[in-house]
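Engineer: Dropping in my_file01.cif, which is mmCIF, C-alpha atoms and all ligand atoms:
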data_work
#
loop_
_atom_site.label_atom_id
_atom_site.label_comp_id
_atom_site.auth_asym_id
_atom_site.auth_seq_id
_atom_site.Cartn_x
_atom_site.Cartn_y
_atom_site.Cartn_z
CA MET A 1 81.07 -43.28 -87.83
CA THR A 2 82.47 -39.80 -88.33
CA ILE A 3 86.03 -39.47 -89.51
CA GLU A 4 87.66 -36.07 -89.47
CA VAL A 5 89.02 -35.01 -92.84
CA PRO A 6 91.03 -31.76 -92.70
CA ASP A 7 89.46 -29.22 -95.10
CA ASP A 8 92.90 -28.26 -96.37
CA HIS A 9 93.64 -31.83 -97.42
CA PRO A 10 94.23 -31.69 -101.19
CA ARG A 11 91.67 -34.44 -101.80
CA SER A 12 89.27 -33.65 -98.96
CA GLU A 13 86.15 -33.78 -101.21
CA SER A 14 87.02 -37.27 -102.38
CA LEU A 15 87.69 -38.44 -98.82
CA HIS A 16 84.38 -37.00 -97.60
CA THR A 17 82.65 -38.88 -100.41
CA ARG A 18 84.36 -42.13 -99.43
CA HIS A 19 83.28 -41.70 -95.81
CA ARG A 20 79.69 -41.03 -96.82
CA ILE A 21 79.67 -44.40 -98.60
CA GLU A 22 81.16 -46.09 -95.51
CA ASP A 23 78.46 -44.48 -93.38
CA GLY A 24 75.90 -45.67 -95.95
CA VAL A 25 77.08 -49.25 -95.45
CA ASP A 26 76.86 -48.86 -91.65
CA ALA A 27 73.32 -47.44 -91.96
CA GLY A 28 72.16 -50.35 -94.16
CA LEU A 29 71.66 -48.13 -97.23
CA THR A 30 74.65 -49.21 -99.28
CA HIS A 31 75.69 -52.78 -100.09
CA LYS A 32 79.32 -53.77 -99.43
CA GLN A 33 79.69 -54.00 -103.22
CA GLY A 34 79.04 -50.25 -103.19
CA LEU A 35 82.46 -49.75 -101.63
CA ILE A 36 84.04 -51.39 -104.67
CA ALA A 37 81.98 -49.25 -107.04
CA GLU A 38 83.12 -46.17 -105.08
CA GLY A 39 86.75 -47.24 -105.45
CA ARG A 40 86.38 -47.57 -109.21
CA GLY A 41 84.70 -44.21 -109.37
CA GLU A 42 87.44 -42.54 -107.32
CA ALA A 43 90.10 -43.81 -109.71
CA PHE A 44 88.34 -42.34 -112.74
CA ASP A 45 87.54 -39.11 -110.92
CA TYR A 46 91.22 -38.73 -110.03
CA LEU A 47 92.13 -39.13 -113.70
CA LEU A 48 89.50 -36.54 -114.69
CA GLY A 49 90.99 -34.07 -112.23
CA GLU A 50 87.99 -34.31 -109.83
CA ARG A 51 86.15 -31.64 -111.79
CA THR A 52 83.21 -31.35 -114.15
CA ILE A 53 84.75 -31.26 -117.61
CA PRO A 54 83.00 -29.01 -120.19
CA SER A 55 81.47 -31.94 -122.11
CA ALA A 56 79.97 -33.27 -118.85
CA ASP A 57 78.44 -29.87 -118.16
CA ARG A 58 76.81 -29.97 -121.63
CA ALA A 59 75.55 -33.49 -120.88
CA GLU A 60 74.11 -32.24 -117.58
CA ARG A 61 72.28 -29.44 -119.39
CA ALA A 62 70.89 -31.90 -121.95
CA ALA A 63 69.87 -34.22 -119.10
CA ALA A 64 67.97 -31.38 -117.43
CA ALA A 65 66.20 -30.54 -120.69
CA HIS A 66 65.20 -34.19 -121.22
CA LEU A 67 63.82 -34.46 -117.68
CA LEU A 68 61.83 -31.21 -118.08
CA ARG A 69 60.41 -32.27 -121.48
CA ALA A 70 59.47 -35.80 -120.36
CA ASP A 71 55.88 -36.85 -119.65
CA HIS A 72 56.95 -39.31 -116.99
CA PRO A 73 60.56 -38.81 -115.82
CA VAL A 74 61.96 -41.07 -113.09
CA LEU A 75 65.18 -40.92 -111.04
CA SER A 76 66.33 -44.50 -110.33
CA ILE A 77 68.19 -44.53 -107.01
CA ASN A 78 70.57 -47.13 -105.59
CA GLY A 79 72.41 -47.35 -102.27
CA ASN A 80 75.45 -45.31 -103.34
CA ALA A 81 73.33 -42.47 -104.72
CA ALA A 82 71.14 -42.39 -101.60
CA ALA A 83 74.19 -42.28 -99.30
CA LEU A 84 76.02 -39.62 -101.32
CA VAL A 85 73.41 -37.11 -102.44
CA PRO A 86 70.00 -37.56 -100.77
CA ASP A 87 69.18 -33.82 -100.51
CA GLU A 88 70.36 -33.22 -104.06
CA ILE A 89 68.20 -36.09 -105.43
CA VAL A 90 65.12 -34.62 -103.75
CA ALA A 91 65.99 -31.15 -105.08
CA LEU A 92 66.42 -32.54 -108.62
CA ALA A 93 63.07 -34.34 -108.41
CA ASP A 94 61.44 -31.08 -107.27
CA ALA A 95 63.14 -29.06 -110.02
CA THR A 96 62.06 -31.41 -112.82
CA GLY A 97 58.85 -33.02 -111.60
CA ALA A 98 60.54 -36.43 -111.73
CA ALA A 99 59.44 -39.36 -109.58
CA ILE A 100 62.00 -41.14 -107.37
CA GLU A 101 62.22 -44.94 -107.41
CA VAL A 102 64.59 -47.16 -105.44
CA ASN A 103 66.06 -49.90 -107.62
CA LEU A 104 68.78 -52.23 -106.40
CA PHE A 105 71.04 -54.87 -107.89
CA ASN A 106 71.45 -56.51 -104.47
CA ARG A 107 67.79 -56.16 -103.61
CA THR A 108 66.35 -56.90 -100.18
CA ASP A 109 63.09 -55.53 -98.79
CA GLU A 110 65.04 -54.15 -95.79
CA ARG A 111 67.46 -52.17 -97.91
CA ILE A 112 64.69 -50.89 -100.21
CA ALA A 113 62.81 -49.67 -97.12
CA ALA A 114 65.94 -48.16 -95.52
CA ILE A 115 66.72 -46.16 -98.68
CA ALA A 116 63.11 -45.06 -99.21
CA ASP A 117 62.89 -43.95 -95.55
CA HIS A 118 66.23 -42.15 -95.83
CA LEU A 119 65.06 -40.21 -98.90
CA GLN A 120 61.80 -39.35 -97.16
CA ASP A 121 63.79 -38.11 -94.15
CA HIS A 122 65.53 -35.82 -96.64
CA GLY A 123 62.25 -34.41 -97.91
CA ALA A 124 61.04 -36.79 -100.63
CA THR A 125 57.25 -36.94 -100.57
CA ASP A 126 56.73 -40.10 -102.58
CA VAL A 127 59.34 -42.80 -103.12
CA LYS A 128 58.46 -45.70 -105.41
CA GLY A 129 60.03 -49.15 -105.45
CA ARG A 130 58.80 -50.64 -102.17
CA THR A 131 56.40 -52.65 -104.31
CA ALA A 132 57.87 -53.91 -107.52
CA ASP A 133 54.84 -55.00 -109.52
CA ALA A 134 56.40 -55.01 -113.00
CA ARG A 135 59.53 -56.34 -114.69
CA ILE A 136 61.97 -55.06 -117.26
CA PRO A 137 61.83 -57.65 -120.06
CA GLY A 138 64.95 -59.63 -120.91
CA LEU A 139 66.69 -59.14 -117.58
CA THR A 140 67.20 -61.85 -114.99
CA SER A 141 68.83 -59.82 -112.17
CA GLU A 142 66.95 -58.28 -109.26
CA ARG A 143 67.21 -54.94 -111.04
CA ALA A 144 64.48 -56.19 -113.40
CA LYS A 145 61.95 -55.60 -110.60
CA VAL A 146 60.38 -52.14 -111.00
CA ALA A 147 57.20 -50.25 -110.16
CA ALA A 148 54.53 -50.39 -112.89
CA ASP A 149 53.75 -46.71 -112.38
CA GLY A 150 57.46 -45.79 -112.01
CA ILE A 151 60.41 -46.95 -114.11
CA HIS A 152 58.24 -49.32 -116.15
CA ALA A 153 56.04 -46.46 -117.36
CA ALA A 154 58.82 -43.84 -117.61
CA ASP A 155 59.79 -42.18 -120.87
CA VAL A 156 63.01 -40.69 -119.44
CA VAL A 157 65.04 -42.42 -116.69
CA LEU A 158 68.07 -41.02 -114.90
CA VAL A 159 70.22 -43.89 -113.67
CA PRO A 160 73.28 -43.13 -111.60
CA LEU A 161 75.76 -46.01 -111.44
CA GLU A 162 73.77 -48.31 -113.67
CA ASP A 163 74.84 -51.82 -114.52
CA GLY A 164 75.40 -52.37 -118.21
CA ASP A 165 72.79 -55.10 -118.65
CA ARG A 166 69.95 -53.03 -117.31
CA ALA A 167 71.11 -49.97 -119.21
CA GLU A 168 70.75 -51.99 -122.41
CA ALA A 169 67.39 -53.46 -121.38
CA LEU A 170 65.94 -50.02 -120.54
CA GLY A 171 67.15 -48.73 -123.90
CA ALA A 172 65.48 -51.68 -125.61
CA MET A 173 62.19 -50.62 -123.94
CA GLY A 174 62.50 -47.34 -125.83
CA LYS A 175 63.29 -45.19 -122.81
CA THR A 176 65.60 -42.22 -123.00
CA GLU A 177 68.34 -43.06 -120.57
CA ILE A 178 70.57 -40.60 -118.74
CA VAL A 179 73.50 -42.42 -117.11
CA VAL A 180 75.90 -40.83 -114.62
CA ASP A 181 79.14 -42.81 -114.53
CA LEU A 182 82.74 -41.70 -114.13
CA ASN A 183 84.03 -44.43 -116.43
CA PRO A 184 83.32 -43.44 -120.06
CA LEU A 185 84.30 -46.96 -121.19
CA SER A 186 81.73 -48.70 -119.00
CA ARG A 187 78.86 -50.29 -120.94
CA SER A 188 76.14 -48.16 -119.33
CA PRO A 189 77.39 -44.73 -120.50
CA GLN A 190 78.25 -46.36 -123.82
CA VAL A 191 74.58 -47.23 -124.43
CA ALA A 192 72.98 -44.16 -122.80
CA ALA A 193 71.25 -41.44 -124.82
CA VAL A 194 72.92 -38.97 -122.43
CA PRO A 195 76.14 -40.26 -120.84
CA VAL A 196 77.18 -37.95 -117.99
CA VAL A 197 80.83 -38.67 -117.21
CA ASP A 198 81.06 -36.91 -113.87
CA ASN A 199 80.91 -37.63 -110.15
CA LEU A 200 77.35 -37.94 -108.85
CA VAL A 201 78.16 -35.44 -106.11
CA ARG A 202 78.79 -32.79 -108.77
CA ALA A 203 76.44 -34.05 -111.49
CA ILE A 204 73.14 -34.22 -109.58
CA PRO A 205 73.25 -30.61 -108.23
CA ASN A 206 74.48 -29.33 -111.59
CA ILE A 207 71.61 -31.03 -113.47
CA ALA A 208 69.22 -29.38 -110.98
CA ALA A 209 70.87 -25.98 -111.52
CA HIS A 210 70.47 -26.38 -115.30
CA ALA A 211 66.85 -27.44 -114.78
CA HIS A 212 66.12 -24.26 -112.82
CA ASP A 213 67.74 -22.20 -115.54
CA LEU A 214 66.00 -24.01 -118.43
CA ALA A 215 62.60 -23.95 -116.73
CA ASP A 216 62.55 -20.17 -117.25
CA ARG A 217 63.45 -20.43 -120.94
CA SER A 218 61.51 -21.25 -124.09
CA ASP A 219 60.69 -24.72 -125.42
CA ASP A 220 63.04 -23.92 -128.29
CA GLU A 221 65.96 -23.36 -125.94
CA ARG A 222 65.28 -26.62 -124.16
CA GLU A 223 65.13 -28.42 -127.52
CA ARG A 224 68.44 -26.80 -128.48
CA ALA A 225 70.11 -28.08 -125.29
CA ILE A 226 69.02 -31.59 -126.32
CA ASP A 227 69.88 -31.31 -130.02
CA ALA A 228 73.25 -29.64 -129.41
CA PHE A 229 74.42 -32.52 -127.25
CA ASP A 230 76.51 -35.10 -129.11
CA ARG A 231 76.85 -38.30 -127.08
CA GLU A 232 79.75 -39.73 -129.10
CA ALA A 233 81.70 -36.48 -128.85
CA ALA A 234 81.05 -36.34 -125.08
CA LEU A 235 82.34 -39.89 -124.57
CA ASP A 236 85.39 -39.13 -126.72
CA ALA A 237 86.06 -35.90 -124.80
CA ALA A 238 85.91 -37.71 -121.46
CA GLU A 239 88.28 -40.41 -122.65
CA ALA A 240 90.63 -37.78 -124.08
CA ALA A 241 90.58 -35.87 -120.77
CA ILE A 242 91.53 -39.06 -118.92
CA ARG A 243 94.28 -39.95 -121.38
CA SER A 244 95.73 -36.43 -121.47
CA GLY A 245 96.73 -36.65 -117.82
CA GLU A 246 96.32 -32.88 -117.50
CA LEU A 247 94.86 -32.40 -114.03
CA ASP A 248 94.70 -28.58 -114.21
P1 LIG A 301 79.18 -52.27 -116.33
O1 LIG A 301 78.26 -53.43 -116.08
O2 LIG A 301 78.48 -51.11 -116.96
O3 LIG A 301 80.46 -52.61 -117.06
P2 LIG A 301 80.81 -51.94 -114.02
O4 LIG A 301 80.86 -53.35 -113.62
O5 LIG A 301 82.00 -51.29 -114.66
O6 LIG A 301 79.52 -51.69 -114.91
P3 LIG A 301 80.08 -51.37 -111.29
O7 LIG A 301 81.27 -51.86 -110.54
O8 LIG A 301 78.80 -52.12 -111.26
O9 LIG A 301 80.47 -51.02 -112.81
O10 LIG A 301 79.73 -49.88 -110.82
C1 LIG A 301 80.68 -48.95 -110.63
C2 LIG A 301 80.61 -47.88 -111.69
O11 LIG A 301 80.12 -46.70 -111.10
C3 LIG A 301 82.00 -47.61 -112.23
O12 LIG A 301 81.98 -47.43 -113.62
C4 LIG A 301 82.39 -46.29 -111.51
O13 LIG A 301 83.23 -45.49 -112.30
C5 LIG A 301 81.04 -45.64 -111.30
N1 LIG A 301 81.00 -44.76 -110.10
C6 LIG A 301 81.27 -45.08 -108.81
N2 LIG A 301 81.10 -44.05 -107.97
C7 LIG A 301 80.65 -43.02 -108.74
C8 LIG A 301 80.25 -41.68 -108.45
N3 LIG A 301 80.27 -41.17 -107.22
N4 LIG A 301 79.83 -40.91 -109.49
C9 LIG A 301 79.79 -41.41 -110.76
N5 LIG A 301 80.16 -42.68 -111.09
C10 LIG A 301 80.58 -43.47 -110.10
#
Is it possible to give me this structure as structure tokens?
Structural biologist:
Amino acid sequence: MTIEVPDDHPRSESLHTRHRIEDGVDAGLTHKQGLIAEGRGEAFDYLLGERTIPSADRAERAAAAHLLRADHPVLSINGNAAALVPDEIVALADATGAAIEVNLFNRTDERIAAIADHLQDHGATDVKGRTADARIPGLTSERAKVAADGIHAADVVLVPLEDGDRAEALGAMGKTEIVVDLNPLSRSPQVAAVPVVDNLVRAIPNIAAHAHDLADRSDDERERAIDAFDREAALDAAEAAIRSGELD
């Protein structure tokens, strides 16, 4: 389904994003619940001024440094992420050497396969998650099912639109978690080592751009990007930006 959105519409980016999620539902990539998640995200993005605030840019740089430094980084992908930014996910995996794994709350073999195929159509060479031969301890939802050589073995995991329970369980496994979520009050950014309060459509390409930049720099500079990032300050800055009501 293609819906025309005039480019001069003041919120054309947001409307394009909404239609990509609708198309994702039609294509069997995104669960109907994904439409509700998109609605929540739109509300917070509106309040943030639909822009990457400076603290989110610093989080994105720290996220890139973590992914580059990791021994076994993994991008955990759900139906919304696959519908919104498939090319950008593949580019980020290429830029950081991260593996891609499909992981779903509303898990069915059909949807796992549809998302993995979709990412491969967009250039991914290896997509994990079709076989989930390990579990995240302490979690009863379908999101507990992971690949033994993917999320289960990862030291750094990037999780866009995570649910709070799994975010906590991954943290308890000792993994460094990068969460992209527009709501700074949601449990998942609250427990993440690197909370990225930004829209996925801006965050994923910006993390890749930082990764390209940091790849050419010294280990020290990458360490500095990690050490200079203050997660509490970033969460406070995002909340303050929302409360200020200043939309530029
Ligand atoms: P939690 O269990 O952490 O409290 P939740 O129930 O608030 O999670 P869900 O409804 O499961 O959250 O998922 C929606 C979340 O994803 C919301 O916090 C929303 O702001 C965020 N979100 C939706 N779309 C985007 C997007 N494009 N980019 C970033 N975040 C998004």
Engineer: Which one of A:Gly24, A:Gly34, A:Pro137, A:Gly129 sits closest to ligand LIG 301 (chain A) if you count only C-alpha atoms and all ligand atoms?
Structural biologist: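 Nearest candidate to ligand LIG 301 (chain A) out of A:Gly24, A:Gly34, A:Pro137, A:Gly129: A:Gly34.
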Engineer: Using only C-alpha atoms, find the one residue out of A:Val157, A:Arg231, A:Ile207, A:Gly245 that sits nearest to Ala65 (chain A).
Structural biologist: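 The answer is A:Ile207, which sits nearest to Ala65 (chain A).
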Engineer: Could you check which of A:Ala63, A:Leu182, A:Leu29, A:Leu158 is closest to ligand LIG 301 (chain A), using all atoms listed in the file?
Structural biologist: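 Checking each of A:Ala63, A:Leu182, A:Leu29, A:Leu158 against ligand LIG 301 (chain A), counting all atoms listed in the file, the winner is A:Leu182.
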Engineer: Hey, can you check how far CA of Phe105 (chain A) sits from CA of Asp71 (chain A)?
Structural biologist: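 Interatomic distance, CA of Phe105 (chain A) to CA of Asp71 (chain A): 26.3 Å.
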Engineer: For ligand LIG 301 (chain A), which of A:Lys128, A:Arg18, A:His9, A:Arg58 is the closest residue, counting all atoms listed in the file?
Structural biologist: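 Of all the options, A:Arg18 lies closest to ligand LIG 301 (chain A).
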Engineer: So, counting all atoms listed in the file, which residue among A:Thr52, A:Ser244, A:Gln33, A:Thr131 is closest to ligand LIG 301 (chain A)?
Structural biologist: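 Closest candidate: A:Gln33.
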Engineer: Which residues sit within 7 Å of ligand LIG 301 (chain A), counting only C-alpha atoms and all ligand atoms, listed as a ChimeraX atom specification?
Structural biologist: /A:36-42,44,160-165,180-183,186-188,198-201
Engineer: Would you list the contacts of Ala83 (chain A) as an NGL selection string, taking every protein, DNA or RNA residue within 10 Å and counting all atoms listed in the file, but skipping same-chain residues closer than 5 positions in sequence?
Structural biologist: :A and (17 or 19-25 or 27-30 or 78 or 115 or 118-119)
Engineer: Expressed in Å to a single decimal, how great is the separation between CA of Asp126 (chain A) and CA of Met173 (chain A)?
Structural biologist: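 That distance, rounded to one decimal, is 24.4 Å.
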Engineer: Tell me which protein, DNA and RNA residues are within 8 Å of Gly174 (chain A), counting only C-alpha atoms, leaving out same-chain ones fewer than 3 positions away, and put them as a ChimeraX atom specification.
Structural biologist: /A:155,170-171
Engineer: Would you mind reading off the distance between CA of Ala154 (chain A) and CA of Ala233 (chain A), one decimal, in Å?
Structural biologist: 26.5 Å
